[in-house]
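A.B. asks: Provided below: entry_39.cif, containing mmCIF, N, CA and C atoms.
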data_work
loop_
_atom_site.label_atom_id
_atom_site.label_comp_id
_atom_site.auth_asym_id
_atom_site.auth_seq_id
_atom_site.Cartn_x
_atom_site.Cartn_y
_atom_site.Cartn_z
N MET A 522 -16.64 -4.72 29.87
CA MET A 522 -15.62 -3.70 29.87
C MET A 522 -15.81 -2.81 28.64
N ALA A 523 -15.49 -1.54 28.77
CA ALA A 523 -15.65 -0.58 27.68
C ALA A 523 -14.62 -0.82 26.60
N THR A 524 -14.98 -0.46 25.37
CA THR A 524 -14.06 -0.63 24.24
C THR A 524 -13.88 0.69 23.52
N THR A 525 -12.83 0.73 22.72
CA THR A 525 -12.53 1.89 21.89
C THR A 525 -12.02 1.38 20.55
N PHE A 526 -11.98 2.26 19.55
CA PHE A 526 -11.56 1.87 18.20
C PHE A 526 -10.31 2.64 17.82
N VAL A 527 -9.32 1.92 17.29
CA VAL A 527 -8.06 2.52 16.86
C VAL A 527 -7.84 2.17 15.39
N ILE A 528 -6.86 2.84 14.78
CA ILE A 528 -6.54 2.62 13.36
C ILE A 528 -5.18 1.96 13.25
N ARG A 529 -5.12 0.87 12.50
CA ARG A 529 -3.85 0.17 12.24
C ARG A 529 -3.56 0.18 10.74
N ASN A 530 -2.29 0.27 10.37
CA ASN A 530 -1.93 0.20 8.96
C ASN A 530 -1.56 -1.23 8.57
N GLN A 531 -1.15 -1.41 7.31
CA GLN A 531 -0.86 -2.75 6.80
C GLN A 531 0.37 -3.38 7.46
N GLU A 532 1.20 -2.57 8.11
CA GLU A 532 2.39 -3.09 8.78
C GLU A 532 2.14 -3.40 10.25
N GLY A 533 0.93 -3.12 10.73
CA GLY A 533 0.59 -3.41 12.11
C GLY A 533 0.81 -2.25 13.06
N GLN A 534 1.19 -1.10 12.55
CA GLN A 534 1.43 0.06 13.40
C GLN A 534 0.12 0.80 13.68
N TYR A 535 0.12 1.58 14.76
CA TYR A 535 -1.08 2.30 15.18
C TYR A 535 -0.94 3.79 14.86
N HIS A 536 -2.07 4.43 14.55
CA HIS A 536 -2.10 5.85 14.24
C HIS A 536 -2.18 6.66 15.53
N THR A 537 -1.40 7.76 15.62
CA THR A 537 -1.43 8.60 16.81
C THR A 537 -2.24 9.85 16.56
N LYS A 538 -2.46 10.60 17.62
CA LYS A 538 -3.18 11.87 17.52
C LYS A 538 -2.38 12.90 16.73
N LYS A 539 -1.06 12.73 16.70
CA LYS A 539 -0.18 13.65 15.95
C LYS A 539 -0.08 13.28 14.47
N GLY A 540 -0.67 12.18 14.08
CA GLY A 540 -0.63 11.75 12.68
C GLY A 540 0.56 10.89 12.34
N GLU A 541 1.20 10.29 13.32
CA GLU A 541 2.35 9.42 13.11
C GLU A 541 1.92 7.97 13.26
N TRP A 542 2.79 7.07 12.80
CA TRP A 542 2.54 5.64 12.95
C TRP A 542 3.55 5.10 13.95
N VAL A 543 3.06 4.45 15.02
CA VAL A 543 3.93 3.94 16.08
C VAL A 543 3.57 2.48 16.35
N SER A 544 4.42 1.85 17.19
CA SER A 544 4.22 0.43 17.49
C SER A 544 3.06 0.17 18.44
N GLY A 545 2.68 1.16 19.24
CA GLY A 545 1.58 0.98 20.18
C GLY A 545 2.02 0.69 21.59
N LYS A 546 3.32 0.75 21.86
CA LYS A 546 3.81 0.48 23.21
C LYS A 546 3.36 1.55 24.19
N GLU A 547 3.26 2.79 23.73
CA GLU A 547 2.76 3.88 24.57
C GLU A 547 1.34 4.21 24.11
N SER A 548 0.37 3.71 24.82
CA SER A 548 -1.01 3.83 24.38
C SER A 548 -1.62 5.20 24.66
N ALA A 549 -0.94 6.05 25.42
CA ALA A 549 -1.51 7.36 25.76
C ALA A 549 -1.66 8.25 24.53
N GLY A 550 -0.78 8.14 23.57
CA GLY A 550 -0.82 9.01 22.40
C GLY A 550 -1.57 8.46 21.21
N LEU A 551 -2.15 7.28 21.34
CA LEU A 551 -2.84 6.67 20.20
C LEU A 551 -4.15 7.38 19.91
N TYR A 552 -4.48 7.44 18.62
CA TYR A 552 -5.77 7.98 18.20
C TYR A 552 -6.81 6.91 18.49
N HIS A 553 -7.80 7.24 19.30
CA HIS A 553 -8.88 6.28 19.59
C HIS A 553 -10.19 7.03 19.77
N LYS A 554 -11.25 6.39 19.34
CA LYS A 554 -12.59 6.96 19.44
C LYS A 554 -13.54 5.90 20.01
N PRO A 555 -14.56 6.33 20.75
CA PRO A 555 -15.48 5.34 21.34
C PRO A 555 -16.45 4.74 20.31
N HIS A 556 -16.61 5.39 19.16
CA HIS A 556 -17.55 4.88 18.15
C HIS A 556 -16.81 4.47 16.88
N HIS A 557 -17.27 3.39 16.29
CA HIS A 557 -16.62 2.84 15.10
C HIS A 557 -16.68 3.81 13.93
N ASP A 558 -17.80 4.50 13.74
CA ASP A 558 -17.93 5.38 12.58
C ASP A 558 -16.99 6.58 12.64
N GLU A 559 -16.65 7.06 13.84
CA GLU A 559 -15.70 8.16 13.95
C GLU A 559 -14.30 7.72 13.53
N ALA A 560 -13.90 6.53 13.97
CA ALA A 560 -12.59 6.00 13.59
C ALA A 560 -12.55 5.69 12.09
N LEU A 561 -13.66 5.21 11.55
CA LEU A 561 -13.73 4.91 10.13
C LEU A 561 -13.63 6.19 9.29
N ASN A 562 -14.26 7.26 9.75
CA ASN A 562 -14.14 8.55 9.05
C ASN A 562 -12.69 9.03 9.02
N GLN A 563 -11.98 8.86 10.13
CA GLN A 563 -10.57 9.26 10.18
C GLN A 563 -9.74 8.39 9.23
N LEU A 564 -10.05 7.11 9.16
CA LEU A 564 -9.34 6.21 8.25
C LEU A 564 -9.57 6.62 6.80
N ILE A 565 -10.78 7.03 6.45
CA ILE A 565 -11.07 7.47 5.09
C ILE A 565 -10.29 8.74 4.76
N GLU A 566 -10.18 9.65 5.72
CA GLU A 566 -9.39 10.86 5.51
C GLU A 566 -7.91 10.53 5.32
N LEU A 567 -7.41 9.56 6.07
CA LEU A 567 -6.01 9.15 5.91
C LEU A 567 -5.79 8.50 4.55
N ASN A 568 -6.75 7.70 4.09
CA ASN A 568 -6.64 7.08 2.78
C ASN A 568 -6.67 8.11 1.66
N ALA A 569 -7.38 9.20 1.86
CA ALA A 569 -7.41 10.25 0.84
C ALA A 569 -6.05 10.92 0.71
N LYS A 570 -5.30 11.00 1.80
CA LYS A 570 -3.97 11.61 1.77
C LYS A 570 -2.91 10.64 1.27
N ASP A 571 -3.06 9.36 1.61
CA ASP A 571 -2.08 8.34 1.25
C ASP A 571 -2.83 7.18 0.60
N ILE A 572 -2.77 7.11 -0.73
CA ILE A 572 -3.56 6.09 -1.43
C ILE A 572 -2.99 4.68 -1.26
N TYR A 573 -1.75 4.56 -0.81
CA TYR A 573 -1.15 3.24 -0.63
C TYR A 573 -1.39 2.68 0.77
N LEU A 574 -2.10 3.42 1.61
CA LEU A 574 -2.40 2.98 2.96
C LEU A 574 -3.49 1.91 2.92
N ARG A 575 -3.24 0.81 3.60
CA ARG A 575 -4.23 -0.26 3.74
C ARG A 575 -4.50 -0.40 5.23
N GLY A 576 -5.35 0.47 5.73
CA GLY A 576 -5.61 0.51 7.16
C GLY A 576 -6.87 -0.22 7.54
N THR A 577 -6.97 -0.53 8.82
CA THR A 577 -8.16 -1.16 9.37
C THR A 577 -8.51 -0.49 10.69
N VAL A 578 -9.76 -0.59 11.06
CA VAL A 578 -10.21 -0.09 12.36
C VAL A 578 -10.28 -1.30 13.28
N ALA A 579 -9.54 -1.23 14.39
CA ALA A 579 -9.49 -2.34 15.34
C ALA A 579 -10.16 -1.94 16.65
N GLU A 580 -10.85 -2.86 17.26
CA GLU A 580 -11.52 -2.61 18.54
C GLU A 580 -10.64 -3.12 19.67
N LEU A 581 -10.36 -2.24 20.63
CA LEU A 581 -9.55 -2.60 21.79
C LEU A 581 -10.30 -2.26 23.07
N GLU A 582 -9.96 -2.95 24.14
CA GLU A 582 -10.53 -2.61 25.44
C GLU A 582 -9.79 -1.42 26.02
N VAL A 583 -10.43 -0.70 26.93
CA VAL A 583 -9.80 0.45 27.58
C VAL A 583 -9.54 0.13 29.05
N CYS A 584 -8.49 0.77 29.59
CA CYS A 584 -8.16 0.58 30.99
C CYS A 584 -8.92 1.61 31.84
N GLU A 585 -8.59 1.69 33.12
CA GLU A 585 -9.26 2.62 34.02
C GLU A 585 -9.02 4.07 33.64
N LYS A 586 -7.89 4.35 33.01
CA LYS A 586 -7.55 5.72 32.61
C LYS A 586 -8.12 6.08 31.24
N ARG A 587 -8.99 5.23 30.71
CA ARG A 587 -9.65 5.44 29.41
C ARG A 587 -8.65 5.45 28.25
N ARG A 588 -7.61 4.67 28.37
CA ARG A 588 -6.62 4.50 27.30
C ARG A 588 -6.76 3.09 26.73
N PRO A 589 -6.49 2.94 25.43
CA PRO A 589 -6.61 1.59 24.84
C PRO A 589 -5.54 0.64 25.39
N VAL A 590 -5.94 -0.59 25.60
CA VAL A 590 -5.02 -1.64 26.05
C VAL A 590 -4.57 -2.40 24.80
N VAL A 591 -3.33 -2.18 24.39
CA VAL A 591 -2.79 -2.79 23.17
C VAL A 591 -2.27 -4.18 23.51
N VAL A 592 -2.80 -5.18 22.84
CA VAL A 592 -2.39 -6.56 23.07
C VAL A 592 -1.29 -6.96 22.08
N GLU A 593 -1.42 -6.52 20.84
CA GLU A 593 -0.47 -6.89 19.79
C GLU A 593 0.26 -5.64 19.32
N TYR A 594 1.56 -5.60 19.56
CA TYR A 594 2.37 -4.44 19.16
C TYR A 594 2.79 -4.58 17.70
N GLY A 595 2.91 -3.43 17.03
CA GLY A 595 3.42 -3.40 15.67
C GLY A 595 4.91 -3.13 15.67
N PRO A 596 5.55 -3.13 14.50
CA PRO A 596 6.98 -2.84 14.44
C PRO A 596 7.24 -1.38 14.78
N ASP A 597 8.37 -1.14 15.40
CA ASP A 597 8.75 0.21 15.82
C ASP A 597 9.29 0.97 14.61
N PRO A 598 8.81 2.20 14.33
CA PRO A 598 9.29 2.93 13.15
C PRO A 598 10.75 3.33 13.25
N GLU A 599 11.33 3.35 14.46
CA GLU A 599 12.75 3.67 14.60
C GLU A 599 13.64 2.50 14.24
N GLN A 600 13.05 1.32 14.06
CA GLN A 600 13.79 0.13 13.67
C GLN A 600 13.29 -0.35 12.32
N PRO A 601 13.79 0.24 11.22
CA PRO A 601 13.25 -0.10 9.90
C PRO A 601 13.47 -1.55 9.49
N GLU A 602 14.40 -2.25 10.13
CA GLU A 602 14.62 -3.65 9.76
C GLU A 602 13.45 -4.52 10.17
N LEU A 603 12.57 -4.04 11.07
CA LEU A 603 11.41 -4.80 11.48
C LEU A 603 10.23 -4.62 10.54
N LEU A 604 10.28 -3.61 9.69
CA LEU A 604 9.18 -3.37 8.77
C LEU A 604 9.17 -4.41 7.68
N VAL A 605 8.08 -4.54 6.98
CA VAL A 605 7.89 -5.57 5.94
C VAL A 605 8.91 -5.39 4.83
N GLU A 606 9.19 -4.17 4.44
CA GLU A 606 10.11 -3.91 3.34
C GLU A 606 11.53 -4.32 3.68
N GLY A 607 11.89 -4.33 4.94
CA GLY A 607 13.24 -4.67 5.36
C GLY A 607 13.48 -6.15 5.47
N ASP A 608 12.48 -6.99 5.23
CA ASP A 608 12.62 -8.43 5.38
C ASP A 608 13.20 -9.11 4.15
N VAL A 609 13.60 -8.39 3.14
CA VAL A 609 14.11 -8.97 1.90
C VAL A 609 15.55 -9.43 2.12
N ASP A 610 15.87 -10.65 1.67
CA ASP A 610 17.22 -11.17 1.78
C ASP A 610 18.15 -10.39 0.86
N GLU A 611 19.37 -10.13 1.34
CA GLU A 611 20.33 -9.39 0.53
C GLU A 611 20.81 -10.22 -0.65
N SER A 612 20.89 -11.55 -0.48
CA SER A 612 21.37 -12.39 -1.57
C SER A 612 20.39 -12.41 -2.74
N SER A 613 19.10 -12.38 -2.46
CA SER A 613 18.12 -12.39 -3.53
C SER A 613 18.01 -11.03 -4.21
N SER A 614 18.37 -9.96 -3.51
CA SER A 614 18.29 -8.64 -4.12
C SER A 614 19.37 -8.47 -5.19
N ASP A 615 20.53 -9.15 -5.06
CA ASP A 615 21.56 -9.08 -6.09
C ASP A 615 21.07 -9.72 -7.39
N VAL A 616 20.34 -10.82 -7.28
CA VAL A 616 19.81 -11.49 -8.45
C VAL A 616 18.76 -10.60 -9.11
N ASN A 617 17.92 -9.95 -8.33
CA ASN A 617 16.87 -9.10 -8.87
C ASN A 617 17.44 -7.89 -9.59
N LYS A 618 18.58 -7.38 -9.15
CA LYS A 618 19.19 -6.22 -9.80
C LYS A 618 19.61 -6.56 -11.23
N GLU A 619 20.11 -7.78 -11.43
CA GLU A 619 20.55 -8.18 -12.75
C GLU A 619 19.37 -8.42 -13.69
N GLU A 620 18.27 -8.90 -13.16
CA GLU A 620 17.12 -9.24 -13.98
C GLU A 620 16.26 -8.04 -14.33
N LYS A 621 16.43 -6.94 -13.64
CA LYS A 621 15.57 -5.77 -13.88
C LYS A 621 15.85 -5.18 -15.25
N GLU A 622 14.78 -4.69 -15.85
CA GLU A 622 14.86 -4.06 -17.14
C GLU A 622 15.32 -2.62 -16.97
N GLU A 623 16.06 -2.12 -17.92
CA GLU A 623 16.50 -0.73 -17.83
C GLU A 623 15.34 0.18 -18.17
N PHE A 624 15.15 1.22 -17.35
CA PHE A 624 14.05 2.15 -17.53
C PHE A 624 14.40 3.14 -18.64
N THR A 625 13.53 3.23 -19.64
CA THR A 625 13.79 4.13 -20.77
C THR A 625 13.09 5.45 -20.63
N GLY A 626 12.18 5.57 -19.66
CA GLY A 626 11.46 6.82 -19.47
C GLY A 626 10.10 6.81 -20.14
N PHE A 627 9.81 5.81 -20.95
CA PHE A 627 8.52 5.72 -21.62
C PHE A 627 7.76 4.54 -21.06
N ILE A 628 6.54 4.78 -20.68
CA ILE A 628 5.69 3.71 -20.18
C ILE A 628 4.51 3.57 -21.13
N ARG A 629 4.38 2.39 -21.73
CA ARG A 629 3.31 2.14 -22.68
C ARG A 629 2.02 1.89 -21.92
N PRO A 630 0.94 2.57 -22.29
CA PRO A 630 -0.35 2.31 -21.64
C PRO A 630 -0.78 0.87 -21.86
N LEU A 631 -1.47 0.31 -20.89
CA LEU A 631 -1.86 -1.09 -20.97
C LEU A 631 -2.99 -1.34 -21.96
N ASN A 632 -3.82 -0.33 -22.21
CA ASN A 632 -4.98 -0.55 -23.07
C ASN A 632 -4.69 -0.25 -24.54
N VAL A 633 -3.43 -0.04 -24.91
CA VAL A 633 -3.07 0.26 -26.29
C VAL A 633 -2.25 -0.89 -26.84
N GLU A 634 -2.67 -1.40 -27.98
CA GLU A 634 -1.94 -2.50 -28.61
C GLU A 634 -0.66 -1.96 -29.25
N PRO A 635 0.42 -2.71 -29.20
CA PRO A 635 1.63 -2.25 -29.88
C PRO A 635 1.42 -2.23 -31.38
N ARG A 636 2.00 -1.28 -32.03
CA ARG A 636 1.84 -1.16 -33.49
C ARG A 636 2.67 -2.21 -34.19
N MET A 637 2.04 -2.85 -35.13
CA MET A 637 2.71 -3.88 -35.91
C MET A 637 3.35 -3.22 -37.13
N PRO A 638 4.46 -3.77 -37.61
CA PRO A 638 5.06 -3.19 -38.82
C PRO A 638 4.10 -3.33 -40.00
N LYS A 639 4.10 -2.33 -40.86
CA LYS A 639 3.19 -2.34 -42.00
C LYS A 639 3.65 -3.37 -43.01
N LYS A 640 2.67 -4.03 -43.62
CA LYS A 640 2.98 -5.01 -44.64
C LYS A 640 3.34 -4.28 -45.93
N ALA A 641 4.15 -4.93 -46.72
CA ALA A 641 4.53 -4.34 -47.99
C ALA A 641 3.31 -4.24 -48.89
N ALA A 642 3.17 -3.15 -49.57
CA ALA A 642 2.01 -2.92 -50.43
C ALA A 642 2.08 -3.86 -51.63
N LEU A 643 0.92 -4.39 -52.00
CA LEU A 643 0.86 -5.27 -53.15
C LEU A 643 0.88 -4.44 -54.43
N GLU A 644 1.43 -5.02 -55.45
CA GLU A 644 1.46 -4.32 -56.73
C GLU A 644 0.05 -4.28 -57.31
N PRO A 645 -0.29 -3.23 -58.07
CA PRO A 645 -1.65 -3.12 -58.62
C PRO A 645 -2.04 -4.30 -59.49
N SER A 646 -1.11 -4.92 -60.19
CA SER A 646 -1.46 -6.05 -61.06
C SER A 646 -1.87 -7.26 -60.21
N SER A 647 -1.20 -7.49 -59.07
CA SER A 647 -1.57 -8.65 -58.26
C SER A 647 -2.90 -8.42 -57.54
N VAL A 648 -3.26 -7.18 -57.27
CA VAL A 648 -4.54 -6.88 -56.65
C VAL A 648 -5.65 -7.15 -57.64
N ALA A 649 -5.46 -6.78 -58.88
CA ALA A 649 -6.47 -7.02 -59.90
C ALA A 649 -6.66 -8.51 -60.13
N ASP A 650 -5.59 -9.29 -60.07
CA ASP A 650 -5.68 -10.74 -60.23
C ASP A 650 -6.47 -11.38 -59.10
N ASN A 651 -6.30 -10.88 -57.88
CA ASN A 651 -7.01 -11.44 -56.74
C ASN A 651 -8.49 -11.10 -56.76
N ALA A 652 -8.86 -9.96 -57.37
CA ALA A 652 -10.26 -9.53 -57.39
C ALA A 652 -11.07 -10.37 -58.35
N GLU A 653 -10.47 -10.95 -59.36
CA GLU A 653 -11.21 -11.73 -60.37
C GLU A 653 -11.54 -13.04 -59.85
#
Now that the file is in, can you turn its structure into structure tokens?

C.D. replies:
Amino acid sequence: MATTFVIRNQEGQYHTKKGEWVSGKESAGLYHKPHHDEALNQLIELNAKDIYLRGTVAELEVCEKRRPVVVEYGPDPEQPELLVEGDVDESSSDVNKEEKEEFTGFIRPLNVEPRMPKKAALEPSSVADNAE
């Protein structure tokens, strides 16, 4: 049987020809290509626009109408409670709110050591004693 390649994101949704992410229940509008490299090129273009996208190219079989046959549906974008971000318990989010640090607007770079307070300067007489 013939196959085609589609693009899925990290939440399991499929990419459409219109540039939207859907669950895959309606396979007529899904973006699909007969060759893996064409779908991979589209995925690279999507990653250039959205750096947080973790997409994959999936191989699916096609039906008689040359549409992909989706076996595993992703969450529906109209139902945000099904998305990964919506799975957080409300009781644990109250605890996290209290533990969060207040944002001051300054973010210290990771590769810079914090400055230590300067040591008190030694008196000239004690420096001369140490040199002998």

A.B. asks: Taking (-1.8, 5.2, 29.1) as a centre in this file's frame and 6 Å as the limit, can you find every polymer residue with an atom that close, using only C-alpha atoms, and give them as a list in words?

C.D. replies: Ser548, Ala549 and Arg588 of chain A

A.B. asks: Counting only C-alpha atoms, what is within 7 Å of Gly550 in chain A, bar same-chain residues fewer than 3 positions away, as a PDB file with N, CA and C atoms, keeping the file's coordinate frame?

C.D. replies:
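Output below, filename around_13.pdb:
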ATOM      1  N   THR A 537      -1.400   7.760  15.620  1.00  0.00           N
ATOM      2  CA  THR A 537      -1.430   8.600  16.810  1.00  0.00           C
ATOM      3  C   THR A 537      -2.240   9.850  16.560  1.00  0.00           C
ATOM      4  N   LYS A 538      -2.460  10.600  17.620  1.00  0.00           N
ATOM      5  CA  LYS A 538      -3.180  11.870  17.520  1.00  0.00           C
ATOM      6  C   LYS A 538      -2.380  12.900  16.730  1.00  0.00           C
ATOM      7  N   GLU A 547       3.260   2.790  23.730  1.00  0.00           N
ATOM      8  CA  GLU A 547       2.760   3.880  24.570  1.00  0.00           C
ATOM      9  C   GLU A 547       1.340   4.210  24.110  1.00  0.00           C
TER      10      GLU A 547
END

A.B. asks: Check what the PyMOL selection byres (((chain A and resi 592 and name CA) around 12) and name CA) selects in the file above and give those residues as a VMD selection string.

C.D. replies: chain A and resid 533 535 544 to 548 579 to 583 589 to 591 593 to 595

A.B. asks: Between atom C of Met522 in chain A and atom C of Asp597 in chain A, what is the distance, to one decimal in Å?

C.D. replies: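 Separating atom C of Met522 in chain A from atom C of Asp597 in chain A is a distance of 29.0 Å.
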
A.B. asks: Go ahead and compute the interatomic distance for CA of Trp542 in chain A and CA of Ile572 in chain A, in Å to one decimal.

C.D. replies: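 For CA of Trp542 in chain A relative to CA of Ile572 in chain A, the distance reads 15.6 Å.
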
A.B. asks: Report, in Å with one decimal, the straight-line distance from atom C of Thr525 in chain A to CA of Leu574 in chain A.

C.D. replies: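 Atom-to-atom, atom C of Thr525 in chain A and CA of Leu574 in chain A are spaced 20.1 Å apart.
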
A.B. asks: Which polymer residues, whether protein, DNA or RNA, lie within 7 Å of the coordinate (-6.5, -2.9, 12.0) when you count only C-alpha atoms? List them as a ChimeraX atom specification, using the chain letters and numbers from the file.

C.D. replies: /A:528-530,576-579

A.B. asks: With N, CA and C atoms retained, export the selected residues as an mmCIF file, keeping the file's coordinate frame.

C.D. replies:
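Written file, part-v4.cif:
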data_model
loop_
_atom_site.group_PDB
_atom_site.id
_atom_site.type_symbol
_atom_site.label_atom_id
_atom_site.label_comp_id
_atom_site.auth_asym_id
_atom_site.auth_seq_id
_atom_site.Cartn_x
_atom_site.Cartn_y
_atom_site.Cartn_z
ATOM 1 N N ILE A 528 -6.860 2.840 14.780
ATOM 2 C CA ILE A 528 -6.540 2.620 13.360
ATOM 3 C C ILE A 528 -5.180 1.960 13.250
ATOM 4 N N ARG A 529 -5.120 0.870 12.500
ATOM 5 C CA ARG A 529 -3.850 0.170 12.240
ATOM 6 C C ARG A 529 -3.560 0.180 10.740
ATOM 7 N N ASN A 530 -2.290 0.270 10.370
ATOM 8 C CA ASN A 530 -1.930 0.200 8.960
ATOM 9 C C ASN A 530 -1.560 -1.230 8.570
ATOM 10 N N GLY A 576 -5.350 0.470 5.730
ATOM 11 C CA GLY A 576 -5.610 0.510 7.160
ATOM 12 C C GLY A 576 -6.870 -0.220 7.540
ATOM 13 N N THR A 577 -6.970 -0.530 8.820
ATOM 14 C CA THR A 577 -8.160 -1.160 9.370
ATOM 15 C C THR A 577 -8.510 -0.490 10.690
ATOM 16 N N VAL A 578 -9.760 -0.590 11.060
ATOM 17 C CA VAL A 578 -10.210 -0.090 12.360
ATOM 18 C C VAL A 578 -10.280 -1.300 13.280
ATOM 19 N N ALA A 579 -9.540 -1.230 14.390
ATOM 20 C CA ALA A 579 -9.490 -2.340 15.340
ATOM 21 C C ALA A 579 -10.160 -1.940 16.650
#

A.B. asks: List, as a PDB file with N, CA and C atoms, keeping the file's coordinate frame, every residue that the PyMOL selection byres ((chain A and resi 556-566) around 6.5) selects in the file provided.

C.D. replies:
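New file part-v2.pdb:
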ATOM      1  N   THR A 525     -12.830   0.730  22.720  1.00  0.00           N
ATOM      2  CA  THR A 525     -12.530   1.890  21.890  1.00  0.00           C
ATOM      3  C   THR A 525     -12.020   1.380  20.550  1.00  0.00           C
ATOM      4  N   PHE A 526     -11.980   2.260  19.550  1.00  0.00           N
ATOM      5  CA  PHE A 526     -11.560   1.870  18.200  1.00  0.00           C
ATOM      6  C   PHE A 526     -10.310   2.640  17.820  1.00  0.00           C
ATOM      7  N   VAL A 527      -9.320   1.920  17.290  1.00  0.00           N
ATOM      8  CA  VAL A 527      -8.060   2.520  16.860  1.00  0.00           C
ATOM      9  C   VAL A 527      -7.840   2.170  15.390  1.00  0.00           C
ATOM     10  N   LYS A 554     -11.250   6.390  19.340  1.00  0.00           N
ATOM     11  CA  LYS A 554     -12.590   6.960  19.440  1.00  0.00           C
ATOM     12  C   LYS A 554     -13.540   5.900  20.010  1.00  0.00           C
ATOM     13  N   PRO A 555     -14.560   6.330  20.750  1.00  0.00           N
ATOM     14  CA  PRO A 555     -15.480   5.340  21.340  1.00  0.00           C
ATOM     15  C   PRO A 555     -16.450   4.740  20.310  1.00  0.00           C
ATOM     16  N   LEU A 567      -7.410   9.560   6.070  1.00  0.00           N
ATOM     17  CA  LEU A 567      -6.010   9.150   5.910  1.00  0.00           C
ATOM     18  C   LEU A 567      -5.790   8.500   4.550  1.00  0.00           C
ATOM     19  N   ASN A 568      -6.750   7.700   4.090  1.00  0.00           N
ATOM     20  CA  ASN A 568      -6.640   7.080   2.780  1.00  0.00           C
ATOM     21  C   ASN A 568      -6.670   8.110   1.660  1.00  0.00           C
ATOM     22  N   ALA A 569      -7.380   9.200   1.860  1.00  0.00           N
ATOM     23  CA  ALA A 569      -7.410  10.250   0.840  1.00  0.00           C
ATOM     24  C   ALA A 569      -6.050  10.920   0.710  1.00  0.00           C
ATOM     25  N   LYS A 570      -5.300  11.000   1.800  1.00  0.00           N
ATOM     26  CA  LYS A 570      -3.970  11.610   1.770  1.00  0.00           C
ATOM     27  C   LYS A 570      -2.910  10.640   1.270  1.00  0.00           C
ATOM     28  N   ASP A 571      -3.060   9.360   1.610  1.00  0.00           N
ATOM     29  CA  ASP A 571      -2.080   8.340   1.250  1.00  0.00           C
ATOM     30  C   ASP A 571      -2.830   7.180   0.600  1.00  0.00           C
ATOM     31  N   VAL A 578      -9.760  -0.590  11.060  1.00  0.00           N
ATOM     32  CA  VAL A 578     -10.210  -0.090  12.360  1.00  0.00           C
ATOM     33  C   VAL A 578     -10.280  -1.300  13.280  1.00  0.00           C
TER      34      VAL A 578
END
